[in-house]
file input17.txt (compact mmCIF, C-alpha atoms)
# COMPACT_ATOMS: atom_id res chain seq x y z
CA MET F 904 0.00 0.00 0.00
CA LYS F 905 1.36 3.42 -0.95
CA GLN F 906 2.03 5.91 1.80
CA ARG F 907 -0.73 8.45 2.25
CA ILE F 908 0.03 11.87 0.78
CA VAL F 909 -0.10 14.16 3.79
CA SER F 910 -0.27 17.41 1.85
CA VAL F 911 -3.70 16.56 0.37
CA ASP F 912 -5.16 16.08 3.85
CA ILE F 913 -3.56 19.33 5.07
CA PHE F 914 -4.83 21.24 2.04
CA ARG F 915 -8.36 19.91 2.60
CA GLY F 916 -8.32 20.79 6.29
CA LEU F 917 -6.83 24.23 5.65
CA THR F 918 -9.60 24.92 3.14
CA ILE F 919 -12.30 23.92 5.62
CA ALA F 920 -10.69 26.09 8.30
CA LEU F 921 -10.70 29.08 5.96
CA MET F 922 -14.33 28.36 5.04
CA ILE F 923 -15.27 28.57 8.70
CA LEU F 924 -13.21 31.72 9.23
CA VAL F 925 -14.76 33.71 6.38
CA ASN F 926 -18.29 32.49 7.18
CA THR F 927 -18.29 33.44 10.88
CA PRO F 928 -17.05 36.98 11.51
CA GLY F 929 -18.14 38.66 14.69
CA THR F 930 -20.16 41.11 12.62
CA TRP F 931 -20.65 41.43 8.88
CA GLN F 932 -20.57 45.20 9.34
CA ALA F 933 -16.83 45.16 10.05
CA VAL F 934 -14.79 42.70 7.97
CA TYR F 935 -11.33 43.30 6.52
CA PRO F 936 -11.45 43.38 2.67
CA PRO F 937 -9.46 40.12 2.13
CA PHE F 938 -12.13 38.27 4.15
CA ARG F 939 -14.99 39.53 1.99
CA HIS F 940 -16.17 38.19 -1.36
CA ALA F 941 -15.76 40.43 -4.38
CA GLU F 942 -18.87 42.50 -5.04
CA TRP F 943 -19.24 40.97 -8.51
CA HIS F 944 -16.31 40.79 -10.96
CA GLY F 945 -12.83 40.21 -9.60
CA TYR F 946 -11.76 38.06 -6.68
CA THR F 947 -10.37 38.22 -3.17
CA PRO F 948 -8.57 35.56 -1.11
CA THR F 949 -11.99 34.58 0.26
CA ASP F 950 -13.20 33.77 -3.26
CA LEU F 951 -10.47 31.13 -3.54
CA VAL F 952 -11.75 29.02 -0.67
CA PHE F 953 -14.73 27.19 -2.23
CA PRO F 954 -12.99 26.42 -5.55
CA PHE F 955 -10.01 25.15 -3.54
CA PHE F 956 -12.33 22.63 -1.89
CA LEU F 957 -13.80 21.49 -5.20
CA PHE F 958 -10.27 21.19 -6.58
CA ILE F 959 -9.24 18.94 -3.69
CA VAL F 960 -12.47 16.95 -4.14
CA GLY F 961 -11.18 16.09 -7.60
CA THR F 962 -7.73 15.25 -6.28
CA SER F 963 -9.24 13.02 -3.59
CA ILE F 964 -11.37 11.20 -6.17
CA VAL F 965 -8.16 9.88 -7.73
CA PHE F 966 -7.03 8.42 -4.39
CA ALA F 967 -10.46 6.98 -3.58
CA TYR F 968 -11.40 5.46 -6.96
CA ARG F 969 -8.20 4.74 -8.88
CA ASN F 970 -8.42 1.05 -7.97
CA LYS F 971 -12.22 0.83 -8.04
CA GLN F 972 -14.22 -0.89 -10.74
CA PRO F 973 -17.18 0.97 -12.27
CA ASP F 974 -19.69 -1.53 -10.93
CA ALA F 975 -22.95 -1.41 -8.98
CA ALA F 976 -21.22 -1.22 -5.60
CA THR F 977 -19.09 1.75 -6.67
CA TYR F 978 -22.06 3.55 -8.23
CA ARG F 979 -24.09 2.98 -5.08
CA LYS F 980 -21.34 4.45 -2.91
CA ILE F 981 -21.04 7.52 -5.13
CA LEU F 982 -24.80 8.05 -5.31
CA VAL F 983 -25.31 7.64 -1.56
CA ARG F 984 -22.60 10.18 -0.80
CA THR F 985 -24.07 12.59 -3.34
CA LEU F 986 -27.54 12.33 -1.81
CA LYS F 987 -26.16 12.79 1.70
CA LEU F 988 -24.38 15.99 0.70
CA ILE F 989 -27.43 17.41 -1.07
CA LEU F 990 -29.82 16.56 1.77
CA LEU F 991 -27.44 17.94 4.42
CA GLY F 992 -27.17 21.15 2.43
CA ILE F 993 -30.93 21.54 2.11
CA PHE F 994 -31.31 20.77 5.82
CA LEU F 995 -28.84 23.52 6.72
CA GLY F 996 -30.81 26.05 4.73
CA ALA F 997 -34.21 24.94 5.97
CA PHE F 998 -33.80 24.26 9.71
CA ILE F 999 -35.12 26.72 12.28
CA VAL F 1000 -35.16 26.34 16.08
CA SER F 1001 -38.90 26.87 16.54
CA PRO F 1002 -41.73 24.52 15.51
CA PRO F 1003 -42.30 23.20 12.89
CA PHE F 1004 -38.44 23.40 12.77
CA PHE F 1005 -38.30 24.09 9.05
CA GLU F 1006 -38.72 27.23 7.00
CA PRO F 1007 -41.91 27.52 4.93
CA PHE F 1008 -41.41 25.55 1.75
CA SER F 1009 -41.52 28.70 -0.38
CA GLU F 1010 -38.51 30.12 1.51
CA ILE F 1011 -36.24 27.06 1.47
CA ARG F 1012 -33.13 27.59 -0.63
CA PHE F 1013 -32.51 24.69 -2.99
CA PRO F 1014 -28.95 25.42 -4.21
CA GLY F 1015 -26.10 25.68 -1.71
CA VAL F 1016 -22.49 24.86 -0.92
CA LEU F 1017 -22.99 21.22 0.10
CA GLN F 1018 -25.46 20.70 -2.73
CA ARG F 1019 -22.87 21.92 -5.24
CA ILE F 1020 -20.19 19.73 -3.68
CA GLY F 1021 -22.52 16.74 -4.05
CA VAL F 1022 -23.32 17.38 -7.71
CA VAL F 1023 -19.70 18.12 -8.59
CA PHE F 1024 -18.54 15.00 -6.77
CA LEU F 1025 -21.07 12.86 -8.66
CA ALA F 1026 -20.12 14.20 -12.09
CA ALA F 1027 -16.36 14.19 -11.49
CA SER F 1028 -16.37 10.68 -10.02
CA LEU F 1029 -18.30 9.19 -12.94
CA LEU F 1030 -16.12 10.99 -15.48
CA PHE F 1031 -12.97 9.76 -13.72
CA LEU F 1032 -14.23 6.17 -13.75
CA HIS F 1033 -15.30 6.18 -17.39
CA THR F 1034 -12.85 8.38 -19.30
CA LYS F 1035 -9.20 8.30 -20.19
CA PRO F 1036 -7.00 11.27 -19.27
CA LYS F 1037 -6.96 12.69 -22.80
CA THR F 1038 -10.74 12.46 -23.01
CA LEU F 1039 -11.02 14.19 -19.65
CA VAL F 1040 -8.84 17.03 -20.95
CA PHE F 1041 -11.18 17.41 -23.93
CA ILE F 1042 -14.25 17.43 -21.66
CA THR F 1043 -12.72 20.04 -19.35
CA VAL F 1044 -11.84 22.34 -22.25
CA ALA F 1045 -15.29 21.81 -23.79
CA ILE F 1046 -17.00 22.74 -20.52
CA LEU F 1047 -14.98 25.93 -20.10
CA LEU F 1048 -15.28 27.06 -23.73
CA GLY F 1049 -18.93 26.03 -23.97
CA TYR F 1050 -19.82 27.95 -20.81
CA TRP F 1051 -18.08 31.06 -22.17
CA VAL F 1052 -19.94 30.88 -25.47
CA TRP F 1053 -23.28 30.30 -23.72
CA MET F 1054 -22.84 33.09 -21.17
CA ALA F 1055 -21.25 35.71 -23.42
CA PHE F 1056 -22.63 35.16 -26.92
CA VAL F 1057 -25.98 33.29 -26.94
CA PRO F 1058 -28.79 35.87 -27.14
CA LEU F 1059 -31.34 35.94 -24.33
CA GLY F 1060 -34.82 37.25 -25.05
CA GLY F 1061 -33.66 38.59 -28.40
CA GLU F 1062 -30.94 40.69 -26.74
CA PRO F 1063 -27.20 40.18 -26.26
CA PRO F 1064 -26.52 38.42 -22.95
CA SER F 1065 -24.93 40.27 -20.04
CA LEU F 1066 -22.34 39.20 -17.49
CA GLU F 1067 -23.56 41.76 -14.96
CA ARG F 1068 -26.07 41.18 -12.17
CA VAL F 1069 -29.07 41.79 -14.40
CA PRO F 1070 -32.07 39.76 -15.66
CA ASN F 1071 -30.54 39.00 -19.08
CA ASN F 1072 -27.63 37.15 -17.52
CA TRP F 1073 -28.05 33.48 -18.48
CA ALA F 1074 -27.01 32.05 -15.10
CA ASN F 1075 -29.28 34.42 -13.19
CA TYR F 1076 -32.13 33.95 -15.66
CA ILE F 1077 -32.12 30.16 -15.38
CA ASP F 1078 -31.92 30.17 -11.58
CA VAL F 1079 -34.75 32.67 -11.15
CA HIS F 1080 -37.04 30.86 -13.59
CA LEU F 1081 -36.15 27.36 -12.38
CA PHE F 1082 -35.96 27.87 -8.61
CA GLY F 1083 -38.23 30.88 -8.16
CA SER F 1084 -38.08 31.98 -4.53
CA HIS F 1085 -35.74 29.11 -3.59
CA THR F 1086 -32.55 31.08 -4.26
CA TYR F 1087 -29.96 32.89 -2.13
CA LYS F 1088 -31.00 36.28 -3.50
CA PRO F 1089 -34.18 37.15 -5.42
CA ASP F 1090 -32.20 37.74 -8.63
CA TYR F 1091 -29.41 35.14 -8.49
CA ASP F 1092 -27.75 32.30 -6.62
CA PRO F 1093 -23.94 31.93 -6.37
CA GLU F 1094 -24.37 28.14 -6.29
CA GLY F 1095 -26.96 28.06 -9.05
CA LEU F 1096 -27.60 25.43 -11.70
CA LEU F 1097 -25.79 26.72 -14.79
CA SER F 1098 -22.71 27.88 -12.88
CA THR F 1099 -22.37 24.39 -11.41
CA LEU F 1100 -21.24 23.21 -14.86
CA PRO F 1101 -17.88 25.05 -14.76
CA ALA F 1102 -17.60 24.14 -11.06
CA ILE F 1103 -17.33 20.54 -12.28
CA ALA F 1104 -14.30 21.65 -14.29
CA SER F 1105 -12.69 22.87 -11.04
CA ALA F 1106 -12.84 19.30 -9.73
CA LEU F 1107 -11.63 17.87 -13.04
CA LEU F 1108 -8.53 20.06 -12.84
CA GLY F 1109 -8.01 18.64 -9.36
CA ILE F 1110 -8.18 15.15 -10.87
CA PHE F 1111 -5.27 15.94 -13.19
CA THR F 1112 -3.18 17.02 -10.19
CA GLY F 1113 -4.26 13.90 -8.32
CA ARG F 1114 -3.02 11.74 -11.17
CA VAL F 1115 0.36 13.43 -10.94
CA LEU F 1116 0.54 12.88 -7.18
CA VAL F 1117 -0.13 9.12 -7.46
CA SER F 1118 2.29 8.70 -10.37
CA ASP F 1119 5.91 7.61 -10.15
CA ARG F 1120 7.28 10.77 -11.74
CA ALA F 1121 10.06 12.52 -9.82
CA ASN F 1122 9.23 16.12 -10.73
CA LYS F 1123 5.84 16.46 -9.06
CA VAL F 1124 6.58 19.77 -7.37
CA GLN F 1125 7.90 21.29 -10.59
CA TRP F 1126 4.86 20.02 -12.50
CA MET F 1127 2.40 21.56 -10.03
CA LEU F 1128 4.30 24.85 -10.01
CA LEU F 1129 4.36 24.97 -13.81
CA ALA F 1130 0.70 23.96 -14.10
CA GLY F 1131 -0.27 26.50 -11.44
CA ALA F 1132 1.58 29.34 -13.15
CA ALA F 1133 0.16 28.41 -16.58
CA LEU F 1134 -3.42 28.19 -15.29
CA LEU F 1135 -3.07 31.45 -13.40
CA ALA F 1136 -1.71 33.24 -16.46
CA ALA F 1137 -4.31 31.75 -18.81
CA GLY F 1138 -7.17 32.61 -16.45
CA SER F 1139 -5.94 36.16 -15.97
CA ILE F 1140 -5.70 36.71 -19.73
CA TRP F 1141 -9.10 35.10 -20.35
CA GLY F 1142 -10.48 37.34 -17.62
CA LEU F 1143 -9.93 40.34 -19.87
CA VAL F 1144 -12.84 39.16 -22.05
CA PHE F 1145 -14.67 36.77 -19.69
CA PRO F 1146 -14.35 38.46 -16.29
CA ILE F 1147 -13.17 36.51 -13.25
CA ASN F 1148 -16.36 36.10 -11.22
CA LYS F 1149 -17.16 33.68 -8.40
CA ALA F 1150 -20.93 34.25 -8.43
CA LEU F 1151 -21.01 33.16 -12.08
CA TRP F 1152 -18.08 30.73 -11.65
CA THR F 1153 -16.71 31.94 -14.97
CA SER F 1154 -14.20 29.89 -16.92
CA SER F 1155 -11.47 32.41 -16.15
CA PHE F 1156 -12.31 32.03 -12.45
CA VAL F 1157 -11.91 28.24 -12.78
CA LEU F 1158 -8.44 28.58 -14.26
CA VAL F 1159 -7.20 31.26 -11.87
CA THR F 1160 -8.39 29.43 -8.75
CA ALA F 1161 -7.02 26.09 -9.97
CA GLY F 1162 -3.73 27.86 -10.64
CA TRP F 1163 -3.53 29.15 -7.07
CA ALA F 1164 -4.60 25.72 -5.77
CA ASN F 1165 -1.74 24.01 -7.60
CA LEU F 1166 0.78 26.55 -6.33
CA LEU F 1167 -0.35 26.21 -2.72
CA LEU F 1168 -0.56 22.42 -2.89
CA ALA F 1169 2.93 22.30 -4.44
CA LEU F 1170 4.29 24.28 -1.49
CA ILE F 1171 2.59 22.08 1.10
CA TYR F 1172 3.61 18.92 -0.75
CA TYR F 1173 7.24 20.05 -0.86
CA LEU F 1174 7.33 20.83 2.85
CA THR F 1175 5.48 17.76 4.12
CA ASP F 1176 5.83 14.93 1.59
CA VAL F 1177 9.26 15.78 0.17
CA LYS F 1178 11.10 17.41 3.07
CA LYS F 1179 9.08 15.48 5.70
CA MET F 1180 8.60 18.59 7.82
CA GLN F 1181 6.04 18.44 10.63
CA PHE F 1182 3.80 21.14 9.29
CA GLY F 1183 0.07 21.80 9.46
CA SER F 1184 -0.94 18.68 11.39
CA ILE F 1185 -3.89 20.50 12.99
CA PHE F 1186 -5.33 21.06 9.50
CA ARG F 1187 -4.70 17.44 8.60
CA TYR F 1188 -6.85 16.34 11.56
CA ALA F 1189 -9.71 18.60 10.49
CA GLY F 1190 -9.34 17.40 6.90
CA ALA F 1191 -10.00 13.82 8.02
CA ASN F 1192 -13.56 14.87 8.95
CA ALA F 1193 -13.84 17.82 6.58
CA ILE F 1194 -17.54 17.69 5.70
CA THR F 1195 -18.53 16.87 9.29
CA VAL F 1196 -16.56 19.82 10.66
CA TYR F 1197 -17.99 22.16 8.02
CA PHE F 1198 -21.56 20.96 8.58
CA LEU F 1199 -21.31 21.32 12.37
CA SER F 1200 -19.82 24.80 12.09
CA SER F 1201 -22.61 25.92 9.76
CA PHE F 1202 -25.35 24.32 11.85
CA VAL F 1203 -24.11 25.70 15.18
CA SER F 1204 -23.59 29.14 13.60
CA SER F 1205 -27.22 29.09 12.45
CA LEU F 1206 -28.36 28.14 15.96
CA PHE F 1207 -26.25 30.92 17.50
CA TYR F 1208 -27.96 33.48 15.28
CA GLN F 1209 -31.45 32.13 15.98
CA ILE F 1210 -31.43 31.36 19.73
CA LYS F 1211 -32.09 34.54 21.71
CA VAL F 1212 -30.43 35.11 25.09
CA ASP F 1213 -30.82 38.84 25.70
CA GLY F 1214 -34.02 40.23 24.26
CA ASP F 1215 -33.68 40.09 20.49
CA GLN F 1216 -29.94 39.40 20.62
CA GLY F 1217 -28.80 35.95 19.58
CA ILE F 1218 -26.05 33.90 21.21
CA HIS F 1219 -23.70 34.96 18.42
CA GLY F 1220 -24.27 38.66 18.99
CA TRP F 1221 -24.13 38.34 22.77
CA LEU F 1222 -20.79 36.51 22.70
CA PHE F 1223 -19.32 38.97 20.26
CA GLN F 1224 -20.47 42.10 22.08
CA ASN F 1225 -19.58 40.90 25.57
CA ILE F 1226 -16.26 39.17 24.91
CA TYR F 1227 -14.70 40.65 21.80
CA VAL F 1228 -15.87 44.25 21.48
CA HIS F 1229 -13.64 46.72 23.37
CA ASP F 1230 -12.91 50.40 22.99
CA PHE F 1231 -9.19 49.72 22.50
CA LEU F 1232 -9.79 47.32 19.59
CA PRO F 1233 -10.92 48.27 16.07
CA LEU F 1234 -14.27 46.63 15.40
CA ALA F 1235 -12.90 44.80 12.34
CA LEU F 1236 -10.14 43.29 14.48
CA SER F 1237 -12.69 42.20 17.10
CA SER F 1238 -14.74 40.63 14.31
CA LEU F 1239 -11.69 38.77 13.00
CA LEU F 1240 -10.73 37.54 16.48
CA TYR F 1241 -14.20 36.10 16.91
CA GLY F 1242 -13.88 34.26 13.60
CA LEU F 1243 -10.43 32.97 14.52
CA THR F 1244 -11.82 31.67 17.81
CA VAL F 1245 -14.60 29.81 16.04
CA MET F 1246 -12.13 28.39 13.54
CA GLY F 1247 -9.79 27.36 16.34
CA PHE F 1248 -12.60 25.58 18.16
CA TYR F 1249 -13.43 23.44 15.14
CA LEU F 1250 -9.79 22.70 14.45
CA LEU F 1251 -9.55 21.39 18.01
CA LEU F 1252 -12.72 19.38 17.45
CA GLY F 1253 -11.13 17.88 14.34
CA TRP F 1254 -8.02 17.04 16.37
CA TRP F 1255 -10.14 15.39 19.08
CA LEU F 1256 -12.11 13.31 16.56
CA TYR F 1257 -8.87 12.24 14.88
CA ARG F 1258 -7.28 11.32 18.20
CA LYS F 1259 -10.32 9.25 19.17
CA LYS F 1260 -10.27 7.63 15.70
CA ILE F 1261 -13.80 8.89 15.01
CA PHE F 1262 -14.34 9.39 11.29
CA PHE F 1263 -17.74 10.27 9.84
CA LYS F 1264 -18.04 9.19 6.22
CA VAL F 1265 -20.34 11.56 4.37

call {"tool": "encode", "arguments": {"input": "input17.txt", "output": "structure tokens"}}
result
Amino acid sequence: MKQRIVSVDIFRGLTIALMILVNTPGTWQAVYPPFRHAEWHGYTPTDLVFPFFLFIVGTSIVFAYRNKQPDAATYRKILVRTLKLILLGIFLGAFIVSPPFFEPFSEIRFPGVLQRIGVVFLAASLLFLHTKPKTLVFITVAILLGYWVWMAFVPLGGEPPSLERVPNNWANYIDVHLFGSHTYKPDYDPEGLLSTLPAIASALLGIFTGRVLVSDRANKVQWMLLAGAALLAAGSIWGLVFPINKALWTSSFVLVTAGWANLLLALIYYLTDVKKMQFGSIFRYAGANAITVYFLSSFVSSLFYQIKVDGDQGIHGWLFQNIYVHDFLPLALSSLLYGLTVMGFYLLLGWWLYRKKIFFKV
């Protein structure tokens, strides 16, 4: 049996930790710019987090299914995991603390982070099992080019399509007409249906890196650095005509984020798997229960907003105001410290689960 590649686990855990950090500031009214999403076009470090996770989903698929046969047992495992992710995501968006414990059906959001992870995992796993590497390259290119043509050139309602946050944007148009009131915002959803197509390409690019990591080649670090630089350059150039945009998950966004993912993974791989440095173990522990840690953090965060402890103030607000807000601290720093505390708690939870050999398979 080949030795486990530590850097992949660290990368996964680091991504989950950053997800928790950017999702749980003390207050959304005071957040440092790098911890905010871009308003529309462009990207910030926060916008890298979700595509990083989809990238490592693809990489992990190689480790999980490279020796699996495409048979009924494998399909069942993939389908069950997909359904679990989708149902957990819908549950997160629908649960409330008061009876009947679920939002009115008309207000339940159908798309979401876990739902997208589930769909991307399903598509990427099946493509990995049934296609050769060259075919997978063709499919990835076809997805990215096809999405660009659809979004930027196919007329909508007899008018040229737009890439802005307007009704004649294809991604927004499809989500509003398909999901109705079941979206994140009335006019769009960042995890919508059409934009999930290029999100699949994010995982497919992770599969290519995964194939390199399990190969016998000696220049893995150099390959990831070269691939990362090439993807970053290509995405930046493409972004001049197809803007880098997380909400639309544009093709340029796919390339840029996969480029950064390769560069970061190359660094972690060099430090841990090549130089054997003891680095990032706390993230590795969280990565072993990545979905569980993310789900719990999201669920508890929702509870902390909903459960009132001081009039109309939730647990979240009470903790932030009474522990972190001080006259001698800038409010944005207090907000960041709260988020770091929450992140630290779940990293410790991941460490405890790992130490107790408790692993939840989602």

call {"tool": "closest_atom_pairs", "arguments": {"input": "input17.txt", "of": "segment 1115-1155 of chain F", "to": "segment 1048-1056 of chain F", "cutoff": "8 Å", "atoms": "only C-alpha atoms", "output": "Markdown table"}}
result
| residue | atom | partner | partner_atom | distance |
| --- | --- | --- | --- | --- |
| F:Phe1145 | CA | F:Trp1051 | CA | 7.1 |
| F:Thr1153 | CA | F:Trp1051 | CA | 7.4 |
| F:Ser1154 | CA | F:Trp1051 | CA | 6.6 |

call {"tool": "write_last_selection", "arguments": {"input": "input17.txt", "atoms": "C-alpha atoms", "output": "mmCIF file, keeping the file's coordinate frame"}}
result
data_model
loop_
_atom_site.group_PDB
_atom_site.id
_atom_site.type_symbol
_atom_site.label_atom_id
_atom_site.label_comp_id
_atom_site.auth_asym_id
_atom_site.auth_seq_id
_atom_site.Cartn_x
_atom_site.Cartn_y
_atom_site.Cartn_z
ATOM 1 C CA PHE F 1145 -14.670 36.770 -19.690
ATOM 2 C CA THR F 1153 -16.710 31.940 -14.970
ATOM 3 C CA SER F 1154 -14.200 29.890 -16.920
#

call {"tool": "residues_around", "arguments": {"input": "input17.txt", "residues": "Arg1068 of chain F", "least_positions_apart": "2", "cutoff": "9 Å", "atoms": "all atoms listed in the file", "output": "MDAnalysis selection string"}}
result
chainID F and resid 943 1065:1066 1070:1072 1075 1090:1091

call {"tool": "closest_residue", "arguments": {"input": "input17.txt", "among": "F:Met1180, F:Val1144, F:Val1265, F:Leu1174", "to": "His944 of chain F", "atoms": "only C-alpha atoms"}}
result
F:Val1144

call {"tool": "closest_residue", "arguments": {"input": "input17.txt", "among": "F:Ile989, F:Val1044, F:Ile1110, F:Leu1151", "to": "Glu1094 of chain F", "atoms": "all atoms listed in the file"}}
result
F:Leu1151

call {"tool": "closest_residue", "arguments": {"input": "input17.txt", "among": "F:Ala1136, F:Ser963, F:Phe1031, F:Ser1084", "to": "Phe1013 of chain F", "atoms": "only C-alpha atoms"}}
result
F:Ser1084

call {"tool": "closest_residue", "arguments": {"input": "input17.txt", "among": "F:Arg1187, F:Arg939, F:Arg984, F:His1080", "to": "Leu1250 of chain F", "atoms": "all atoms listed in the file"}}
result
F:Arg1187

call {"tool": "build_atoms", "arguments": {"input": "input17.txt", "residues": "segment 1174-1190 of chain F", "atoms": "N, CA, C and O atoms", "output": "PDB file, in the coordinates of the input"}}
result
ATOM      1  N   LEU F1174       6.960  20.757   1.439  1.00  0.00           N
ATOM      2  CA  LEU F1174       7.330  20.830   2.850  1.00  0.00           C
ATOM      3  C   LEU F1174       7.060  19.528   3.598  1.00  0.00           C
ATOM      4  O   LEU F1174       7.863  19.099   4.431  1.00  0.00           O
ATOM      5  N   THR F1175       5.904  18.906   3.309  1.00  0.00           N
ATOM      6  CA  THR F1175       5.480  17.760   4.120  1.00  0.00           C
ATOM      7  C   THR F1175       5.851  16.408   3.511  1.00  0.00           C
ATOM      8  O   THR F1175       6.333  15.518   4.214  1.00  0.00           O
ATOM      9  N   ASP F1176       5.613  16.238   2.210  1.00  0.00           N
ATOM     10  CA  ASP F1176       5.830  14.930   1.590  1.00  0.00           C
ATOM     11  C   ASP F1176       7.247  14.759   1.034  1.00  0.00           C
ATOM     12  O   ASP F1176       7.735  13.635   0.926  1.00  0.00           O
ATOM     13  N   VAL F1177       7.895  15.867   0.685  1.00  0.00           N
ATOM     14  CA  VAL F1177       9.260  15.780   0.170  1.00  0.00           C
ATOM     15  C   VAL F1177      10.277  15.981   1.285  1.00  0.00           C
ATOM     16  O   VAL F1177      11.143  15.133   1.525  1.00  0.00           O
ATOM     17  N   LYS F1178      10.144  17.099   2.003  1.00  0.00           N
ATOM     18  CA  LYS F1178      11.100  17.410   3.070  1.00  0.00           C
ATOM     19  C   LYS F1178      10.736  16.784   4.411  1.00  0.00           C
ATOM     20  O   LYS F1178      11.531  16.840   5.354  1.00  0.00           O
ATOM     21  N   LYS F1179       9.540  16.191   4.489  1.00  0.00           N
ATOM     22  CA  LYS F1179       9.080  15.480   5.700  1.00  0.00           C
ATOM     23  C   LYS F1179       9.051  16.405   6.931  1.00  0.00           C
ATOM     24  O   LYS F1179       9.314  15.977   8.049  1.00  0.00           O
ATOM     25  N   MET F1180       8.720  17.659   6.709  1.00  0.00           N
ATOM     26  CA  MET F1180       8.600  18.590   7.820  1.00  0.00           C
ATOM     27  C   MET F1180       7.264  18.372   8.534  1.00  0.00           C
ATOM     28  O   MET F1180       6.251  18.057   7.903  1.00  0.00           O
ATOM     29  N   GLN F1181       7.272  18.516   9.852  1.00  0.00           N
ATOM     30  CA  GLN F1181       6.040  18.440  10.630  1.00  0.00           C
ATOM     31  C   GLN F1181       5.347  19.792  10.529  1.00  0.00           C
ATOM     32  O   GLN F1181       5.663  20.737  11.251  1.00  0.00           O
ATOM     33  N   PHE F1182       4.415  19.861   9.619  1.00  0.00           N
ATOM     34  CA  PHE F1182       3.800  21.140   9.290  1.00  0.00           C
ATOM     35  C   PHE F1182       2.307  20.960   9.073  1.00  0.00           C
ATOM     36  O   PHE F1182       1.900  20.064   8.337  1.00  0.00           O
ATOM     37  N   GLY F1183       1.493  21.774   9.734  1.00  0.00           N
ATOM     38  CA  GLY F1183       0.070  21.800   9.460  1.00  0.00           C
ATOM     39  C   GLY F1183      -0.721  20.601   9.929  1.00  0.00           C
ATOM     40  O   GLY F1183      -1.794  20.322   9.386  1.00  0.00           O
ATOM     41  N   SER F1184      -0.225  19.880  10.942  1.00  0.00           N
ATOM     42  CA  SER F1184      -0.940  18.680  11.390  1.00  0.00           C
ATOM     43  C   SER F1184      -2.361  18.989  11.863  1.00  0.00           C
ATOM     44  O   SER F1184      -3.276  18.191  11.663  1.00  0.00           O
ATOM     45  N   ILE F1185      -2.559  20.152  12.485  1.00  0.00           N
ATOM     46  CA  ILE F1185      -3.890  20.500  12.990  1.00  0.00           C
ATOM     47  C   ILE F1185      -4.896  20.576  11.844  1.00  0.00           C
ATOM     48  O   ILE F1185      -6.063  20.222  12.002  1.00  0.00           O
ATOM     49  N   PHE F1186      -4.447  21.014  10.665  1.00  0.00           N
ATOM     50  CA  PHE F1186      -5.330  21.060   9.500  1.00  0.00           C
ATOM     51  C   PHE F1186      -5.570  19.658   8.951  1.00  0.00           C
ATOM     52  O   PHE F1186      -6.659  19.344   8.470  1.00  0.00           O
ATOM     53  N   ARG F1187      -4.553  18.822   9.050  1.00  0.00           N
ATOM     54  CA  ARG F1187      -4.700  17.440   8.600  1.00  0.00           C
ATOM     55  C   ARG F1187      -5.785  16.734   9.416  1.00  0.00           C
ATOM     56  O   ARG F1187      -6.594  15.982   8.872  1.00  0.00           O
ATOM     57  N   TYR F1188      -5.831  16.971  10.708  1.00  0.00           N
ATOM     58  CA  TYR F1188      -6.850  16.340  11.560  1.00  0.00           C
ATOM     59  C   TYR F1188      -8.244  16.796  11.158  1.00  0.00           C
ATOM     60  O   TYR F1188      -9.173  15.986  11.071  1.00  0.00           O
ATOM     61  N   ALA F1189      -8.397  18.087  10.915  1.00  0.00           N
ATOM     62  CA  ALA F1189      -9.710  18.600  10.490  1.00  0.00           C
ATOM     63  C   ALA F1189     -10.075  18.058   9.118  1.00  0.00           C
ATOM     64  O   ALA F1189     -11.255  17.771   8.848  1.00  0.00           O
ATOM     65  N   GLY F1190      -9.079  17.903   8.243  1.00  0.00           N
ATOM     66  CA  GLY F1190      -9.340  17.400   6.900  1.00  0.00           C
ATOM     67  C   GLY F1190      -9.842  15.968   6.886  1.00  0.00           C
ATOM     68  O   GLY F1190     -10.499  15.539   5.941  1.00  0.00           O
TER      69      GLY F1190
END
